[in-house]
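Worksheet: the structure to be examined is printed underneath.
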Amino acid sequence: MSAVDPAKVERYRHRLREEWTEEATVSAWRKWQAPMSAFTRGATEAILEAGHFKPGMRVLDLASGVGDPALSIAEAVGPSGHVIATDLGPGMIALAEELARARGLHNMEFRVANVEALPFPDESFDAVTCRFGVMFFPDQLKAFGECRRVLKRGARVVFVVWGRREQPFLGTTVGILSKYVEVPPPDPDAPHAFMFGERGLLKSRLEAAGFAQVSEEVRTVPGRWVGPPEQYWQQFTEVAAPFRPLVAKLTGETRAKAEAEIIAGLRKLSDGTAVTMPLEIVVGTGIRT
């Protein structure tokens, strides 16, 4: 990403901020927080396992959204530890702060922060984490370099990202939408949700940012949405900010046909109580030397 035209990177930054801080996105994430947190619990558990968190650790979580995995990390580091949860705008993390209070977590701080210019001193943290966020960083090498800067020597970065595009999570939704609306070809330079499905890419970016003992592991974790297929689809149309423009292109009869096919596909993954699908994720870690 560092070789991409700076003007292009700035456009990515503008689009990212628009997509993830607009009121429609924030409202949707507030509305669906509990079932989404349960659906993606496997990704949070992967962060907890790879982070080796211990009581007393000081952790920075990036792109915290409405609190996953920051809230769980705060529980892991205990009252003697401290977690700073950050996001692009105040809308998402305002809910995370409410949830922290409801769970009696007093070892957390919530900040609006730019990942490319983190407002923290050098060597401030025992770990830096991010779940489903780094794929969208406009200048990943710069952001990863900032992660390395704020880590203590010997401390760990832990990222979880989506794996391959070809998986049920996308195939049952956007895969079917693409039959009914034109999906623009991806910009090869632009960050996108499934970019780290390319094997070895996350590892190489971490190494390029100066991390040592870098590891990249592909995992499949279960995603379980408790509720009917229709509810899962409704959630997707509201929550998945990068894909909402595709849904908006559907009109009238076309929308009815697309949604009927999507619901039929989701029913194949439902047992009548929940929609269950495998989620391919990639766990990337590295050490600041």
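FYI, nothing fancy with the structure tokens labels: chains A, B, ... in order, residues from 1 per chain, ligands from 1 as they appear.
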Select from range 125-241 of chain A everything DSSP, run on the backbone, classes as helix (DSSP H, G or I), then give the selection as a VMD selection string. chain A and resid 134 to 136 140 to 150 168 to 171 174 to 177 195 to 197 201 to 208 229 to 239 241
Which polymer residues have any atom within 12 Å of an atom of Pro90 in chain A, counting only C-alpha atoms, with same-chain residues fewer than 6 positions away left out, as an MDAnalysis selection string? chainID A and resid 17 20:23 26 63:66 96:97 110:113
Which neighbours of Pro121 in chain A fall inside 12 Å, counting only C-alpha atoms, when residues of the same chain fewer than 5 positions from it are skipped, and could you give them as a compact mmCIF listing (two decimals) with N, CA, C and O atoms, in the first residue's frame?
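Saved as out-v5.txt:
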# COMPACT_ATOMS: atom_id res chain seq x y z
N GLU A 146 2.91 1.89 13.23
CA GLU A 146 2.46 2.55 14.44
C GLU A 146 2.18 1.54 15.55
O GLU A 146 2.48 1.78 16.73
N CYS A 147 1.61 0.39 15.18
CA CYS A 147 1.39 -0.67 16.17
C CYS A 147 2.72 -1.09 16.80
O CYS A 147 2.83 -1.26 18.01
N ARG A 148 3.71 -1.27 15.96
CA ARG A 148 5.03 -1.68 16.45
C ARG A 148 5.63 -0.60 17.36
O ARG A 148 6.22 -0.91 18.39
N ARG A 149 5.47 0.66 16.98
CA ARG A 149 6.03 1.76 17.77
C ARG A 149 5.50 1.79 19.19
O ARG A 149 6.25 2.00 20.15
N VAL A 150 4.18 1.58 19.35
CA VAL A 150 3.58 1.72 20.68
C VAL A 150 3.70 0.45 21.53
O VAL A 150 3.36 0.46 22.71
N LEU A 151 4.20 -0.63 20.93
CA LEU A 151 4.40 -1.86 21.69
C LEU A 151 5.71 -1.82 22.46
O LEU A 151 6.72 -1.30 21.98
N LYS A 152 5.71 -2.43 23.65
CA LYS A 152 6.95 -2.62 24.39
C LYS A 152 7.79 -3.68 23.67
O LYS A 152 7.27 -4.51 22.93
Of the listed residues A:Ala43, A:Met36, A:Ala155, A:Val83, that which approaches Val283 in chain A most closely, counting only C-alpha atoms: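 Among the listed residues, A:Ala43 lies closest to Val283 in chain A.
Candidate residues A:Val161, A:Ile93, A:Ala212, A:Thr220 were compared for distance to Phe136 in chain A, and the nearest is A:Val161, using only C-alpha atoms.
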Close residues, Arg58 in chain A itself excluded, 8 Å, only C-alpha atoms, min 3 positions apart in chain, as JSON, numbers by chain: {"A": [77, 81, 82, 83, 124, 125, 126, 127]}
As an exercise, work out the distance from CA of Trp29 in chain A to CA of Gly91 in chain A in Å and give it to one decimal place.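 Between these atoms lies a distance of 9.7 Å.
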Leaving out Gly67 in chain A and any residue of its chain fewer than 3 positions from it, which residues lie within 10 Å of it when counting only C-alpha atoms, given as a PDB file with all heavy atoms, in the first residue's frame?
ATOM      1  N   GLN A  33     -25.911  -5.774  18.009  1.00  0.00           N
ATOM      2  CA  GLN A  33     -24.658  -6.073  18.719  1.00  0.00           C
ATOM      3  C   GLN A  33     -24.652  -7.457  19.364  1.00  0.00           C
ATOM      4  O   GLN A  33     -23.700  -8.235  19.186  1.00  0.00           O
ATOM      5  CB  GLN A  33     -24.387  -4.996  19.783  1.00  0.00           C
ATOM      6  CG  GLN A  33     -23.132  -5.235  20.599  1.00  0.00           C
ATOM      7  CD  GLN A  33     -23.358  -6.103  21.827  1.00  0.00           C
ATOM      8  OE1 GLN A  33     -24.449  -6.085  22.414  1.00  0.00           O
ATOM      9  NE2 GLN A  33     -22.364  -6.895  22.213  1.00  0.00           N
ATOM     10  N   SER A  37     -22.205 -10.428  18.140  1.00  0.00           N
ATOM     11  CA  SER A  37     -21.114 -10.818  19.031  1.00  0.00           C
ATOM     12  C   SER A  37     -21.098 -12.328  19.222  1.00  0.00           C
ATOM     13  O   SER A  37     -20.035 -12.961  19.205  1.00  0.00           O
ATOM     14  CB  SER A  37     -21.271 -10.120  20.387  1.00  0.00           C
ATOM     15  OG  SER A  37     -20.229 -10.466  21.263  1.00  0.00           O
ATOM     16  N   ASP A  61      -6.605  -1.961  21.764  1.00  0.00           N
ATOM     17  CA  ASP A  61      -7.429  -2.632  20.759  1.00  0.00           C
ATOM     18  C   ASP A  61      -7.849  -1.616  19.709  1.00  0.00           C
ATOM     19  O   ASP A  61      -8.394  -0.555  20.038  1.00  0.00           O
ATOM     20  CB  ASP A  61      -8.665  -3.269  21.403  1.00  0.00           C
ATOM     21  CG  ASP A  61      -9.456  -4.100  20.400  1.00  0.00           C
ATOM     22  OD1 ASP A  61      -8.857  -5.011  19.800  1.00  0.00           O
ATOM     23  OD2 ASP A  61     -10.651  -3.821  20.215  1.00  0.00           O
ATOM     24  N   ALA A  63      -9.871  -0.437  16.059  1.00  0.00           N
ATOM     25  CA  ALA A  63     -11.136  -0.683  15.354  1.00  0.00           C
ATOM     26  C   ALA A  63     -12.071  -1.507  16.228  1.00  0.00           C
ATOM     27  O   ALA A  63     -12.640  -2.513  15.794  1.00  0.00           O
ATOM     28  CB  ALA A  63     -10.885  -1.370  14.010  1.00  0.00           C
ATOM     29  N   SER A  64     -12.237  -1.065  17.466  1.00  0.00           N
ATOM     30  CA  SER A  64     -12.974  -1.848  18.476  1.00  0.00           C
ATOM     31  C   SER A  64     -14.457  -1.944  18.202  1.00  0.00           C
ATOM     32  O   SER A  64     -15.129  -2.816  18.752  1.00  0.00           O
ATOM     33  CB  SER A  64     -12.760  -1.236  19.870  1.00  0.00           C
ATOM     34  OG  SER A  64     -11.401  -1.170  20.190  1.00  0.00           O
ATOM     35  N   ALA A  70     -12.446  -6.063  22.716  1.00  0.00           N
ATOM     36  CA  ALA A  70     -11.898  -5.274  23.828  1.00  0.00           C
ATOM     37  C   ALA A  70     -12.511  -5.644  25.180  1.00  0.00           C
ATOM     38  O   ALA A  70     -11.806  -5.730  26.192  1.00  0.00           O
ATOM     39  CB  ALA A  70     -12.100  -3.790  23.542  1.00  0.00           C
ATOM     40  N   LEU A  71     -13.832  -5.858  25.211  1.00  0.00           N
ATOM     41  CA  LEU A  71     -14.485  -6.185  26.477  1.00  0.00           C
ATOM     42  C   LEU A  71     -13.976  -7.509  27.045  1.00  0.00           C
ATOM     43  O   LEU A  71     -13.715  -7.628  28.249  1.00  0.00           O
ATOM     44  CB  LEU A  71     -16.001  -6.244  26.279  1.00  0.00           C
ATOM     45  CG  LEU A  71     -16.669  -4.933  25.838  1.00  0.00           C
ATOM     46  CD1 LEU A  71     -18.108  -5.180  25.430  1.00  0.00           C
ATOM     47  CD2 LEU A  71     -16.607  -3.885  26.935  1.00  0.00           C
ATOM     48  N   SER A  72     -13.815  -8.496  26.171  1.00  0.00           N
ATOM     49  CA  SER A  72     -13.320  -9.802  26.629  1.00  0.00           C
ATOM     50  C   SER A  72     -11.867  -9.709  27.076  1.00  0.00           C
ATOM     51  O   SER A  72     -11.458 -10.371  28.040  1.00  0.00           O
ATOM     52  CB  SER A  72     -13.455 -10.838  25.505  1.00  0.00           C
ATOM     53  OG  SER A  72     -14.811 -11.037  25.172  1.00  0.00           O
ATOM     54  N   ILE A  73     -11.070  -8.892  26.395  1.00  0.00           N
ATOM     55  CA  ILE A  73      -9.674  -8.714  26.797  1.00  0.00           C
ATOM     56  C   ILE A  73      -9.612  -8.043  28.163  1.00  0.00           C
ATOM     57  O   ILE A  73      -8.779  -8.408  29.012  1.00  0.00           O
ATOM     58  CB  ILE A  73      -8.912  -7.896  25.742  1.00  0.00           C
ATOM     59  CG1 ILE A  73      -8.827  -8.680  24.424  1.00  0.00           C
ATOM     60  CG2 ILE A  73      -7.511  -7.546  26.228  1.00  0.00           C
ATOM     61  CD1 ILE A  73      -8.286  -7.869  23.253  1.00  0.00           C
ATOM     62  N   ALA A  85      -9.748   0.944  24.159  1.00  0.00           N
ATOM     63  CA  ALA A  85     -10.498   0.579  22.957  1.00  0.00           C
ATOM     64  C   ALA A  85     -10.609   1.814  22.069  1.00  0.00           C
ATOM     65  O   ALA A  85     -10.976   2.895  22.539  1.00  0.00           O
ATOM     66  CB  ALA A  85     -11.889   0.072  23.334  1.00  0.00           C
ATOM     67  N   THR A  86     -10.270   1.656  20.789  1.00  0.00           N
ATOM     68  CA  THR A  86     -10.273   2.799  19.874  1.00  0.00           C
ATOM     69  C   THR A  86     -11.126   2.520  18.648  1.00  0.00           C
ATOM     70  O   THR A  86     -11.367   1.372  18.284  1.00  0.00           O
ATOM     71  CB  THR A  86      -8.843   3.123  19.402  1.00  0.00           C
ATOM     72  OG1 THR A  86      -8.346   2.029  18.607  1.00  0.00           O
ATOM     73  CG2 THR A  86      -7.907   3.357  20.574  1.00  0.00           C
ATOM     74  N   ASP A  87     -11.559   3.607  18.011  1.00  0.00           N
ATOM     75  CA  ASP A  87     -12.292   3.471  16.757  1.00  0.00           C
ATOM     76  C   ASP A  87     -12.199   4.779  15.988  1.00  0.00           C
ATOM     77  O   ASP A  87     -11.726   5.799  16.513  1.00  0.00           O
ATOM     78  CB  ASP A  87     -13.756   3.093  17.012  1.00  0.00           C
ATOM     79  CG  ASP A  87     -14.352   2.307  15.849  1.00  0.00           C
ATOM     80  OD1 ASP A  87     -14.109   1.089  15.768  1.00  0.00           O
ATOM     81  OD2 ASP A  87     -15.035   2.914  15.011  1.00  0.00           O
ATOM     82  N   MET A  92     -19.599   4.165  17.486  1.00  0.00           N
ATOM     83  CA  MET A  92     -19.492   2.748  17.834  1.00  0.00           C
ATOM     84  C   MET A  92     -19.034   2.571  19.278  1.00  0.00           C
ATOM     85  O   MET A  92     -19.658   1.848  20.061  1.00  0.00           O
ATOM     86  CB  MET A  92     -18.497   2.058  16.908  1.00  0.00           C
ATOM     87  CG  MET A  92     -18.940   2.006  15.463  1.00  0.00           C
ATOM     88  SD  MET A  92     -20.094   0.651  15.151  1.00  0.00           S
ATOM     89  CE  MET A  92     -19.806   0.407  13.415  1.00  0.00           C
ATOM     90  N   ILE A  93     -17.919   3.211  19.636  1.00  0.00           N
ATOM     91  CA  ILE A  93     -17.342   2.927  20.957  1.00  0.00           C
ATOM     92  C   ILE A  93     -18.167   3.520  22.099  1.00  0.00           C
ATOM     93  O   ILE A  93     -17.956   3.160  23.250  1.00  0.00           O
ATOM     94  CB  ILE A  93     -15.865   3.356  21.061  1.00  0.00           C
ATOM     95  CG1 ILE A  93     -15.672   4.813  20.673  1.00  0.00           C
ATOM     96  CG2 ILE A  93     -14.983   2.440  20.231  1.00  0.00           C
ATOM     97  CD1 ILE A  93     -14.241   5.297  20.926  1.00  0.00           C
ATOM     98  N   ALA A  94     -19.122   4.392  21.772  1.00  0.00           N
ATOM     99  CA  ALA A  94     -20.035   4.856  22.816  1.00  0.00           C
ATOM    100  C   ALA A  94     -20.843   3.676  23.356  1.00  0.00           C
ATOM    101  O   ALA A  94     -21.071   3.561  24.569  1.00  0.00           O
ATOM    102  CB  ALA A  94     -20.959   5.944  22.274  1.00  0.00           C
ATOM    103  N   LEU A  95     -21.275   2.781  22.453  1.00  0.00           N
ATOM    104  CA  LEU A  95     -21.989   1.588  22.905  1.00  0.00           C
ATOM    105  C   LEU A  95     -21.047   0.654  23.654  1.00  0.00           C
ATOM    106  O   LEU A  95     -21.422   0.077  24.675  1.00  0.00           O
ATOM    107  CB  LEU A  95     -22.617   0.852  21.726  1.00  0.00           C
ATOM    108  CG  LEU A  95     -23.317  -0.475  22.083  1.00  0.00           C
ATOM    109  CD1 LEU A  95     -24.397  -0.267  23.134  1.00  0.00           C
ATOM    110  CD2 LEU A  95     -23.894  -1.140  20.846  1.00  0.00           C
ATOM    111  N   ALA A  96     -19.806   0.510  23.171  1.00  0.00           N
ATOM    112  CA  ALA A  96     -18.840  -0.332  23.875  1.00  0.00           C
ATOM    113  C   ALA A  96     -18.650   0.154  25.310  1.00  0.00           C
ATOM    114  O   ALA A  96     -18.559  -0.651  26.248  1.00  0.00           O
ATOM    115  CB  ALA A  96     -17.509  -0.328  23.135  1.00  0.00           C
ATOM    116  N   GLU A  97     -18.616   1.464  25.476  1.00  0.00           N
ATOM    117  CA  GLU A  97     -18.466   2.025  26.828  1.00  0.00           C
ATOM    118  C   GLU A  97     -19.679   1.711  27.689  1.00  0.00           C
ATOM    119  O   GLU A  97     -19.554   1.365  28.872  1.00  0.00           O
ATOM    120  CB  GLU A  97     -18.244   3.533  26.730  1.00  0.00           C
ATOM    121  CG  GLU A  97     -17.853   4.171  28.047  1.00  0.00           C
ATOM    122  CD  GLU A  97     -17.353   5.593  27.885  1.00  0.00           C
ATOM    123  OE1 GLU A  97     -17.431   6.148  26.760  1.00  0.00           O
ATOM    124  OE2 GLU A  97     -16.880   6.151  28.897  1.00  0.00           O
ATOM    125  N   GLU A  98     -20.874   1.790  27.101  1.00  0.00           N
ATOM    126  CA  GLU A  98     -22.090   1.431  27.841  1.00  0.00           C
ATOM    127  C   GLU A  98     -22.053  -0.035  28.265  1.00  0.00           C
ATOM    128  O   GLU A  98     -22.414  -0.385  29.401  1.00  0.00           O
ATOM    129  CB  GLU A  98     -23.319   1.681  26.973  1.00  0.00           C
ATOM    130  CG  GLU A  98     -23.598   3.139  26.655  1.00  0.00           C
ATOM    131  CD  GLU A  98     -24.696   3.292  25.609  1.00  0.00           C
ATOM    132  OE1 GLU A  98     -25.514   2.359  25.456  1.00  0.00           O
ATOM    133  OE2 GLU A  98     -24.732   4.337  24.916  1.00  0.00           O
ATOM    134  N   LEU A  99     -21.626  -0.914  27.357  1.00  0.00           N
ATOM    135  CA  LEU A  99     -21.561  -2.339  27.662  1.00  0.00           C
ATOM    136  C   LEU A  99     -20.524  -2.622  28.749  1.00  0.00           C
ATOM    137  O   LEU A  99     -20.730  -3.498  29.597  1.00  0.00           O
ATOM    138  CB  LEU A  99     -21.222  -3.125  26.392  1.00  0.00           C
ATOM    139  CG  LEU A  99     -22.281  -3.095  25.287  1.00  0.00           C
ATOM    140  CD1 LEU A  99     -21.736  -3.717  24.004  1.00  0.00           C
ATOM    141  CD2 LEU A  99     -23.545  -3.829  25.728  1.00  0.00           C
ATOM    142  N   ALA A 100     -19.420  -1.893  28.726  1.00  0.00           N
ATOM    143  CA  ALA A 100     -18.400  -2.065  29.762  1.00  0.00           C
ATOM    144  C   ALA A 100     -18.961  -1.719  31.134  1.00  0.00           C
ATOM    145  O   ALA A 100     -18.731  -2.444  32.118  1.00  0.00           O
ATOM    146  CB  ALA A 100     -17.182  -1.206  29.452  1.00  0.00           C
ATOM    147  N   PHE A 110     -11.858   4.562  26.425  1.00  0.00           N
ATOM    148  CA  PHE A 110     -12.409   4.560  25.067  1.00  0.00           C
ATOM    149  C   PHE A 110     -11.979   5.835  24.355  1.00  0.00           C
ATOM    150  O   PHE A 110     -12.223   6.938  24.840  1.00  0.00           O
ATOM    151  CB  PHE A 110     -13.934   4.433  25.122  1.00  0.00           C
ATOM    152  CG  PHE A 110     -14.379   3.176  25.811  1.00  0.00           C
ATOM    153  CD1 PHE A 110     -14.528   3.135  27.194  1.00  0.00           C
ATOM    154  CD2 PHE A 110     -14.611   2.011  25.096  1.00  0.00           C
ATOM    155  CE1 PHE A 110     -14.906   1.967  27.842  1.00  0.00           C
ATOM    156  CE2 PHE A 110     -14.989   0.846  25.732  1.00  0.00           C
ATOM    157  CZ  PHE A 110     -15.129   0.822  27.111  1.00  0.00           C
TER     158      PHE A 110
END
Test item, strand (DSSP E or B) assignment across range 73-146 of chain A, answer as a list in words: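 Here is the list: His82, Val83, Ile84, Ala85, Thr86, Asp87, Met108, Glu109, Phe110, Arg111, Val112, Phe125, Asp126, Ala127, Val128, Thr129, Cys130 and Arg131 of chain A.
Candidate residues A:Ser178, A:Thr44, A:Asn107, A:Gln231 were compared for distance to Gly56 in chain A, and the nearest is A:Asn107, using only C-alpha atoms.
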Proximity to Leu206 in chain A - best of A:Ala143, A:Met108, A:Ala102, A:Val174, only C-alpha atoms: A:Ala143
Can you pull out every residue within 9 Å of Pro79 in chain A, counting only C-alpha atoms, but drop anything in the same chain fewer than 4 positions away, and send it as JSON, numbers by chain? {"A": [55, 56, 74, 75, 105, 106, 107]}
Write out as a list in words the residues lying within 10 Å of Phe144 in chain A, counting only C-alpha atoms and excluding same-chain residues fewer than 3 positions away. Val115, Glu116, Val134, Phe137, Asp139, Gln140, Leu141, Cys147, Arg148, Arg149, Val157, Arg205, Leu206, Glu207, Ala208, Ala209, Gly210 and Phe211 of chain A
Nearest-residue call for Gly265 in chain A, choices A:Pro278, A:Gly175, A:Pro184, A:Gly197, using only C-alpha atoms: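 With only C-alpha atoms as the atom set, the closest residue is A:Gly175.
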